[in-house]
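The next block holds one structure in the form of structure tokens; read it before the comments.
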There are 2 protein chains.
Amino acid sequence: MTTSAPSLMKKFINEPSDVLKESLSGLAAAHGDLLRYDADAQIVVRRDAPVKGKVGLVSGGGAGHEPLHGGFVGHGMLDAACPGEVFTSPVPDQMLAATKAVDGGAGVVHIVKNYTGDVLNFKMAAEDAADEGVEVESVLVDDDVAVQDSLYTAGRRGVGATVLLEKIAGAAAERGDDLAAVAAIGRRVNERARSFGVAVSSCTPPASGKPMFDLPDGEMEVGIGIHGEPGRRREAVRPAHQIVETMLEAVLSDLKPAAWASVLAFVNGMGGTPLIELYLLYNEVDTQLRAAGLNPTRNLVGSYITSLEMAGASITVLELDDELTALWDAPVHTPALRWGV
Amino acid sequence: MTTSAPSLMKKFINEPSDVLKESLSGLAAAHGDLLRYDADAQIVVRRDAPVKGKVGLVSGGGAGHEPLHGGFVGHGMLDAACPGEVFTSPVPDQMLAATKAVDGGAGVVHIVKNYTGDVLNFKMAAEDAADEGVEVESVLVDDDVAVQDSLYTAGRRGVGATVLLEKIAGAAAERGDDLAAVAAIGRRVNERARSFGVAVSSCTPPASGKPMFDLPDGEMEVGIGIHGEPGRRREAVRPAHQIVETMLEAVLSDLKPAAWASVLAFVNGMGGTPLIELYLLYNEVDTQLRAAGLNPTRNLVGSYITSLEMAGASITVLELDDELTALWDAPVHTPALRWGV
């Protein structure tokens, strides 16, 4: 195999065009007990799908956000994931194949991050599925308060809440909720969650071999999306406590949680930020949430919805209630999230 | 708070001198059900320590390798971790405090990565503990086949096998093995494991604000340690399948596993390498191990022993036997590794 100069970037890859399928093959090789990779249909499917009588959960979107979504396929979360190429929407055929593969007779929920391509293609797939007799409910995720419209979508972008929604709706499906109920739980998570992200470096898609944008040393992009879309503004990097203040102010002023509400605080790394920094950020988040009269009873700290190797972080706050808390705590067994089993 | 120019690096931190304690505070805030952070003694301790009658497990070393070691404190793994500042050995007083905090009357195992400072300080702490009536066994980890001696130690460095050893010895302690037996299991893991790492970028310690070394675009350091120590050689970045070939050749020629042996294959990210690449590497590892007549029956893919935000990866191969496999599979509940509970 020859490798052209542009692929000699700081990445562990073979041919840039093979990155996605080789990575998914690796996921399936490592987690064959949980899932299989159908390379022809380009989908990742729960090993024991379809589960008879259980609502199926399908999500998808461009690759480059790993472990989202393939790493969340398994017991108690997604039944299938349809990955497009890096930062590129999957096509309706993939979504249709995934929908049919996981339909156990109780219908299928599509979890759709609000990007124009994803929304359009999932809509076509849902119509095609209906034509083939599979009932589909779509749940839109649009939790990013940073910008109203972005490069890739009208309305707010779907970011960190996607992970929480997939977990919680997955638990609802696993306990036997029907199609309408699982979709309603998903929508409730989206309504009660808000996110905000910042980046201190860019990232380089394998196919182009060039950084998505230029971010000089000492500057950060405030309100960034997960594909290098511009945020609210660019400014000098500030101390972590000030960055968290900015992020939480944006999130909480929009979410308007009840006083003393229990919340799930999710500190997410964008792929290139190490855990020592994410826990430092969580320290600020926990302290500032308590100071704001909120009670972070659950948390998630790690890199779960990423932007390749971007150095950056996002914060998602989900206002919990007893049912959402119980569904969050329910057993889950996927490559990237696992507990209780 | 004022922040001087050198701290305006691409990091989420406040004052560089506060990074470690703020990160550990965040770890404890997020995982208070599992562990506590004793800021005076500068140690992370399992919440319910000491566990009466159970052998205690203590590890430690410089920070910058998160989740190692603090993220492995909990049920079925470490009882305490003693972190030094970034890339700096902890001091004997920390190790002694940790040892006393986790001694449930059955003695304590020190898991020591082979770096001169760590080895020396753990030795002093073990002597002090003995003076205070706590029996200590030390288990040295020196699995890195890349170089015979390095900048920081005589003999091989301790790297990826540390994670596997802490899990497996932790399970042995949890099932009730005595001090000698837990130490023997730990030594068996070290004897049966080998590792090799490569890096495609450097990393920047917060205190200096400068990259540890310079690595031009398109070059990689082959055989690197976890503190930016030089490896075997520097060369042009090659396709992933060739890199894995080099790494596995070094590992397997030294380990000399039995034909058709069951192995645990651990693909570890160094902090700045995204999961999409780690699974692509795992795909190569799995394929090449099978081609070499080995059976990867267990695996671990993720960033578990890191070097700040370094882009890089290491491979560890552990030759399993039935007992090691059962101990690997045993329940574990820590911030960074969790299953069966």
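Order determines the names: the first chain of the structure tokens is A, the second B, and so forth; residues in each chain are numbered 1 upward, and ligands are numbered 1 upward as they are shown.
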Next on the checklist: Excluding stretch 128-139 of chain B and its own-chain neighbours fewer than 4 positions away, which residues fall within 8 Å of it when counting only C-alpha atoms? Please give them as a list in words.
Outcome noted: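 Once the adjacent positions are removed, what remains is Leu96, Thr99, Lys100, Asp103, Gly105, Ala106, Gly107, Val108, Val109, His110, Ile111, Val112, Met124, Leu179, Ala180, Ala183, Gly186 and Arg187 of chain B.
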Next on the checklist: Taking 2 positions as the minimum chain separation for residues in the same chain, which residues sit within 8 Å of A:Ala41 when counting only C-alpha atoms? Answer as a PyMOL selection string.
Outcome noted: chain A and resi 38-39+43+93-94+97
Next on the checklist: Ranking B:Ile185, B:Ala101, B:Ala29, B:Leu120 by minimum distance to A:Arg290 and counting only C-alpha atoms, which one comes first?
Outcome noted: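 Checking each of B:Ile185, B:Ala101, B:Ala29, B:Leu120 against A:Arg290, counting only C-alpha atoms, the winner is B:Ala29.
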Next on the checklist: Based on only C-alpha atoms, which of the residues in chain A come within 6 Å of chain B? I want them as a PyMOL selection string.
Outcome noted: chain A and resi 8-10+12-14+22-23+26-27+66+200+218+237+239-240+271-272+274-277+279-280+282-283+308-309+339-341
Would you write out those residues with N, CA and C atoms, as a JSON list (two decimals), in the first residue's frame?
```
[["chain", "number", "residue", "atom", "x", "y", "z"],
["A", 8, "LEU", "N", -0.03, 11.63, 5.48],
["A", 8, "LEU", "CA", 1.01, 11.52, 6.50],
["A", 8, "LEU", "C", 0.82, 12.59, 7.57],
["A", 9, "MET", "N", -0.43, 12.75, 7.98],
["A", 9, "MET", "CA", -0.70, 13.71, 9.02],
["A", 9, "MET", "C", -0.52, 13.02, 10.37],
["A", 10, "LYS", "N", -0.78, 13.72, 11.42],
["A", 10, "LYS", "CA", -0.55, 13.16, 12.75],
["A", 10, "LYS", "C", -1.70, 12.26, 13.16],
["A", 12, "PHE", "N", -3.30, 7.98, 13.16],
["A", 12, "PHE", "CA", -3.07, 6.56, 12.95],
["A", 12, "PHE", "C", -4.13, 6.06, 11.99],
["A", 13, "ILE", "N", -3.82, 6.09, 10.70],
["A", 13, "ILE", "CA", -4.77, 5.66, 9.69],
["A", 13, "ILE", "C", -4.00, 4.97, 8.57],
["A", 14, "ASN", "N", -4.76, 4.27, 7.71],
["A", 14, "ASN", "CA", -4.18, 3.78, 6.47],
["A", 14, "ASN", "C", -4.60, 4.76, 5.39],
["A", 22, "GLU", "N", -12.64, 0.85, 8.58],
["A", 22, "GLU", "CA", -11.65, 0.14, 9.39],
["A", 22, "GLU", "C", -11.88, 0.35, 10.88],
["A", 23, "SER", "N", -12.30, 1.56, 11.23],
["A", 23, "SER", "CA", -12.58, 1.84, 12.64],
["A", 23, "SER", "C", -13.80, 1.05, 13.10],
["A", 26, "GLY", "N", -12.92, -2.46, 13.66],
["A", 26, "GLY", "CA", -12.25, -2.60, 14.95],
["A", 26, "GLY", "C", -13.25, -2.61, 16.10],
["A", 27, "LEU", "N", -14.24, -1.74, 16.02],
["A", 27, "LEU", "CA", -15.28, -1.69, 17.06],
["A", 27, "LEU", "C", -15.98, -3.04, 17.16],
["A", 66, "GLU", "N", -16.87, 9.94, 17.65],
["A", 66, "GLU", "CA", -16.80, 8.72, 18.42],
["A", 66, "GLU", "C", -16.53, 8.98, 19.91],
["A", 200, "VAL", "N", -10.13, 24.96, 21.97],
["A", 200, "VAL", "CA", -8.84, 25.65, 21.98],
["A", 200, "VAL", "C", -7.94, 25.17, 20.85],
["A", 218, "GLY", "N", -3.29, 30.53, 22.10],
["A", 218, "GLY", "CA", -3.76, 31.49, 23.08],
["A", 218, "GLY", "C", -5.17, 31.99, 22.82],
["A", 237, "VAL", "N", -7.78, 32.75, 25.47],
["A", 237, "VAL", "CA", -8.05, 31.69, 26.44],
["A", 237, "VAL", "C", -8.02, 32.29, 27.84],
["A", 239, "PRO", "N", -8.83, 31.65, 32.27],
["A", 239, "PRO", "CA", -8.76, 30.58, 33.27],
["A", 239, "PRO", "C", -10.04, 29.74, 33.24],
["A", 240, "ALA", "N", -9.88, 28.49, 33.61],
["A", 240, "ALA", "CA", -10.99, 27.53, 33.52],
["A", 240, "ALA", "C", -12.23, 27.99, 34.27],
["A", 271, "GLY", "N", -12.20, 15.29, 22.18],
["A", 271, "GLY", "CA", -11.34, 14.30, 21.53],
["A", 271, "GLY", "C", -9.87, 14.48, 21.85],
["A", 272, "GLY", "N", -9.43, 15.73, 21.98],
["A", 272, "GLY", "CA", -8.02, 15.98, 22.22],
["A", 272, "GLY", "C", -7.73, 16.57, 23.59],
["A", 274, "PRO", "N", -7.35, 16.04, 27.55],
["A", 274, "PRO", "CA", -7.14, 14.91, 28.46],
["A", 274, "PRO", "C", -8.03, 14.99, 29.70],
["A", 275, "LEU", "N", -8.17, 13.84, 30.33],
["A", 275, "LEU", "CA", -9.06, 13.67, 31.47],
["A", 275, "LEU", "C", -8.66, 14.56, 32.65],
["A", 276, "ILE", "N", -7.36, 14.84, 32.81],
["A", 276, "ILE", "CA", -6.94, 15.68, 33.93],
["A", 276, "ILE", "C", -7.62, 17.05, 33.83],
["A", 277, "GLU", "N", -7.80, 17.54, 32.58],
["A", 277, "GLU", "CA", -8.47, 18.83, 32.39],
["A", 277, "GLU", "C", -9.99, 18.70, 32.53],
["A", 279, "TYR", "N", -11.66, 16.70, 34.47],
["A", 279, "TYR", "CA", -12.03, 16.66, 35.89],
["A", 279, "TYR", "C", -11.80, 18.02, 36.56],
["A", 280, "LEU", "N", -10.81, 18.75, 36.08],
["A", 280, "LEU", "CA", -10.63, 20.11, 36.59],
["A", 280, "LEU", "C", -11.85, 20.95, 36.22],
["A", 282, "TYR", "N", -14.83, 19.73, 35.69],
["A", 282, "TYR", "CA", -15.96, 19.25, 36.48],
["A", 282, "TYR", "C", -15.94, 19.86, 37.88],
["A", 283, "ASN", "N", -14.74, 20.06, 38.42],
["A", 283, "ASN", "CA", -14.63, 20.69, 39.73],
["A", 283, "ASN", "C", -15.28, 22.07, 39.73],
["A", 308, "LEU", "N", -13.30, 14.69, 16.24],
["A", 308, "LEU", "CA", -11.97, 14.13, 15.95],
["A", 308, "LEU", "C", -11.01, 14.42, 17.10],
["A", 309, "GLU", "N", -9.87, 15.05, 16.82],
["A", 309, "GLU", "CA", -8.88, 15.27, 17.88],
["A", 309, "GLU", "C", -8.92, 16.70, 18.40],
["A", 339, "TRP", "N", -22.78, 0.09, 32.96],
["A", 339, "TRP", "CA", -22.90, -0.11, 34.40],
["A", 339, "TRP", "C", -24.08, -1.04, 34.69],
["A", 340, "GLY", "N", -24.04, -1.60, 35.91],
["A", 340, "GLY", "CA", -25.15, -2.44, 36.36],
["A", 340, "GLY", "C", -25.19, -3.81, 35.71],
["A", 341, "VAL", "N", -24.21, -4.12, 34.90],
["A", 341, "VAL", "CA", -24.21, -5.39, 34.19],
["A", 341, "VAL", "C", -22.77, -5.75, 33.80]]
```
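Here the residues within stretch 33-104 of chain A that DSSP labels strand (DSSP E or B) on the basis of the backbone are Leu35, Arg36, Tyr37, Asp38, Ile43, Val44, Val45, Arg46, Gly56, Leu57, Val58, Ser59, Gly60, Gly61, Gly62, Ala63, Val73, His75, Leu78, Ala80, Ala81, Cys82, Pro83, Gly84, Glu85 and Val86 of chain A.
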Residue subset to file, keeping C-alpha atoms, as a compact mmCIF listing (two decimals), in the first residue's frame:
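Final output, saved to part.txt:
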```txt
# COMPACT_ATOMS: atom_id res chain seq x y z
CA LEU A 35 -22.81 -5.64 18.21
CA ARG A 36 -22.04 -6.46 14.61
CA TYR A 37 -20.91 -4.25 11.75
CA ASP A 38 -22.76 -4.69 8.48
CA ILE A 43 -24.54 0.18 9.87
CA VAL A 44 -23.68 -1.02 13.37
CA VAL A 45 -26.38 -3.25 14.83
CA ARG A 46 -26.97 -4.72 18.26
CA GLY A 56 -35.93 -0.16 18.46
CA LEU A 57 -33.66 2.87 18.78
CA VAL A 58 -31.66 4.12 15.81
CA SER A 59 -29.37 7.10 15.63
CA GLY A 60 -26.77 8.26 13.19
CA GLY A 61 -24.88 11.13 11.73
CA GLY A 62 -21.47 11.91 10.36
CA ALA A 63 -18.50 10.06 11.81
CA VAL A 73 -25.04 0.31 20.52
CA HIS A 75 -28.08 -3.38 25.80
CA LEU A 78 -29.13 2.13 20.85
CA ALA A 80 -28.34 0.53 15.67
CA ALA A 81 -26.16 3.38 14.44
CA CYS A 82 -25.78 4.68 10.88
CA PRO A 83 -22.49 6.52 10.47
CA GLY A 84 -21.80 8.74 7.50
CA GLU A 85 -18.28 9.56 6.47
CA VAL A 86 -16.47 12.04 8.75
```
Next on the checklist: Could you list, as an NGL selection string, every residue within 9 Å of A:Arg194, counting only C-alpha atoms and ignoring same-chain residues fewer than 3 positions away?
Outcome noted: :A and (142-145 or 159-161 or 190-191 or 250-252 or 254-255 or 315-318)
Residue subset to file, keeping N, CA, C and O atoms, as a PDB file, in the first residue's frame:
```
ATOM      1  N   ASP A 142     -31.787  19.255  19.837  1.00  0.00           N
ATOM      2  CA  ASP A 142     -31.308  20.608  19.504  1.00  0.00           C
ATOM      3  C   ASP A 142     -31.024  21.386  20.782  1.00  0.00           C
ATOM      4  O   ASP A 142     -31.661  22.383  21.091  1.00  0.00           O
ATOM      5  N   ASP A 143     -30.014  20.928  21.486  1.00  0.00           N
ATOM      6  CA  ASP A 143     -29.729  21.430  22.828  1.00  0.00           C
ATOM      7  C   ASP A 143     -28.673  22.516  22.908  1.00  0.00           C
ATOM      8  O   ASP A 143     -28.400  23.039  23.992  1.00  0.00           O
ATOM      9  N   ASP A 144     -28.033  22.853  21.785  1.00  0.00           N
ATOM     10  CA  ASP A 144     -26.884  23.761  21.830  1.00  0.00           C
ATOM     11  C   ASP A 144     -27.360  25.212  21.880  1.00  0.00           C
ATOM     12  O   ASP A 144     -27.912  25.729  20.903  1.00  0.00           O
ATOM     13  N   VAL A 145     -27.111  25.872  22.996  1.00  0.00           N
ATOM     14  CA  VAL A 145     -27.594  27.253  23.143  1.00  0.00           C
ATOM     15  C   VAL A 145     -26.633  28.280  22.559  1.00  0.00           C
ATOM     16  O   VAL A 145     -26.912  29.478  22.587  1.00  0.00           O
ATOM     17  N   VAL A 159     -26.153  18.475  20.216  1.00  0.00           N
ATOM     18  CA  VAL A 159     -24.808  18.130  20.686  1.00  0.00           C
ATOM     19  C   VAL A 159     -24.888  17.192  21.901  1.00  0.00           C
ATOM     20  O   VAL A 159     -25.458  16.105  21.817  1.00  0.00           O
ATOM     21  N   GLY A 160     -24.335  17.596  23.036  1.00  0.00           N
ATOM     22  CA  GLY A 160     -24.163  16.707  24.190  1.00  0.00           C
ATOM     23  C   GLY A 160     -25.405  15.984  24.678  1.00  0.00           C
ATOM     24  O   GLY A 160     -25.325  14.847  25.160  1.00  0.00           O
ATOM     25  N   ALA A 161     -26.574  16.636  24.592  1.00  0.00           N
ATOM     26  CA  ALA A 161     -27.794  15.994  25.092  1.00  0.00           C
ATOM     27  C   ALA A 161     -28.076  14.687  24.365  1.00  0.00           C
ATOM     28  O   ALA A 161     -28.774  13.814  24.900  1.00  0.00           O
ATOM     29  N   ASN A 190     -34.642  16.106  25.771  1.00  0.00           N
ATOM     30  CA  ASN A 190     -34.197  17.237  24.949  1.00  0.00           C
ATOM     31  C   ASN A 190     -34.702  18.565  25.490  1.00  0.00           C
ATOM     32  O   ASN A 190     -33.966  19.557  25.526  1.00  0.00           O
ATOM     33  N   GLU A 191     -35.950  18.585  25.940  1.00  0.00           N
ATOM     34  CA  GLU A 191     -36.521  19.834  26.472  1.00  0.00           C
ATOM     35  C   GLU A 191     -35.830  20.293  27.750  1.00  0.00           C
ATOM     36  O   GLU A 191     -35.791  21.487  28.043  1.00  0.00           O
ATOM     37  N   ALA A 250     -24.665  30.705  29.954  1.00  0.00           N
ATOM     38  CA  ALA A 250     -25.427  30.506  28.715  1.00  0.00           C
ATOM     39  C   ALA A 250     -26.425  29.353  28.860  1.00  0.00           C
ATOM     40  O   ALA A 250     -27.582  29.448  28.435  1.00  0.00           O
ATOM     41  N   VAL A 251     -25.987  28.282  29.482  1.00  0.00           N
ATOM     42  CA  VAL A 251     -26.832  27.088  29.631  1.00  0.00           C
ATOM     43  C   VAL A 251     -27.992  27.346  30.595  1.00  0.00           C
ATOM     44  O   VAL A 251     -29.158  27.080  30.284  1.00  0.00           O
ATOM     45  N   LEU A 252     -27.678  27.892  31.749  1.00  0.00           N
ATOM     46  CA  LEU A 252     -28.703  28.020  32.797  1.00  0.00           C
ATOM     47  C   LEU A 252     -29.697  29.137  32.494  1.00  0.00           C
ATOM     48  O   LEU A 252     -30.891  29.016  32.826  1.00  0.00           O
ATOM     49  N   ASP A 254     -30.825  29.872  29.724  1.00  0.00           N
ATOM     50  CA  ASP A 254     -31.768  29.346  28.737  1.00  0.00           C
ATOM     51  C   ASP A 254     -32.632  28.224  29.324  1.00  0.00           C
ATOM     52  O   ASP A 254     -33.834  28.148  29.089  1.00  0.00           O
ATOM     53  N   LEU A 255     -32.015  27.363  30.102  1.00  0.00           N
ATOM     54  CA  LEU A 255     -32.734  26.215  30.674  1.00  0.00           C
ATOM     55  C   LEU A 255     -33.716  26.636  31.758  1.00  0.00           C
ATOM     56  O   LEU A 255     -34.812  26.074  31.871  1.00  0.00           O
ATOM     57  N   ILE A 315     -20.259  21.530  28.027  1.00  0.00           N
ATOM     58  CA  ILE A 315     -21.004  21.241  29.249  1.00  0.00           C
ATOM     59  C   ILE A 315     -22.467  21.085  28.872  1.00  0.00           C
ATOM     60  O   ILE A 315     -23.008  21.911  28.125  1.00  0.00           O
ATOM     61  N   THR A 316     -23.082  20.022  29.364  1.00  0.00           N
ATOM     62  CA  THR A 316     -24.517  19.813  29.207  1.00  0.00           C
ATOM     63  C   THR A 316     -25.133  19.699  30.594  1.00  0.00           C
ATOM     64  O   THR A 316     -24.601  18.973  31.438  1.00  0.00           O
ATOM     65  N   VAL A 317     -26.213  20.426  30.807  1.00  0.00           N
ATOM     66  CA  VAL A 317     -26.953  20.287  32.064  1.00  0.00           C
ATOM     67  C   VAL A 317     -28.342  19.756  31.733  1.00  0.00           C
ATOM     68  O   VAL A 317     -29.047  20.323  30.888  1.00  0.00           O
ATOM     69  N   LEU A 318     -28.697  18.662  32.377  1.00  0.00           N
ATOM     70  CA  LEU A 318     -30.022  18.054  32.214  1.00  0.00           C
ATOM     71  C   LEU A 318     -30.762  18.162  33.544  1.00  0.00           C
ATOM     72  O   LEU A 318     -30.271  17.672  34.568  1.00  0.00           O
TER      73      LEU A 318
END
```
Checklist entry - atom CA of B:Gly76 and atom CA of B:Ala181, how far apart in Å? => result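 About the pair atom CA of B:Ala181 and atom CA of B:Gly76: they are 15.5 Å apart.
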Item to check | stretch 164-323 of chain B: residues DSSP assigns to helix (DSSP H, G or I), reported as number ranges by chain | outcome: B: 164-174, 179-191, 240-255, 275-291, 322-323
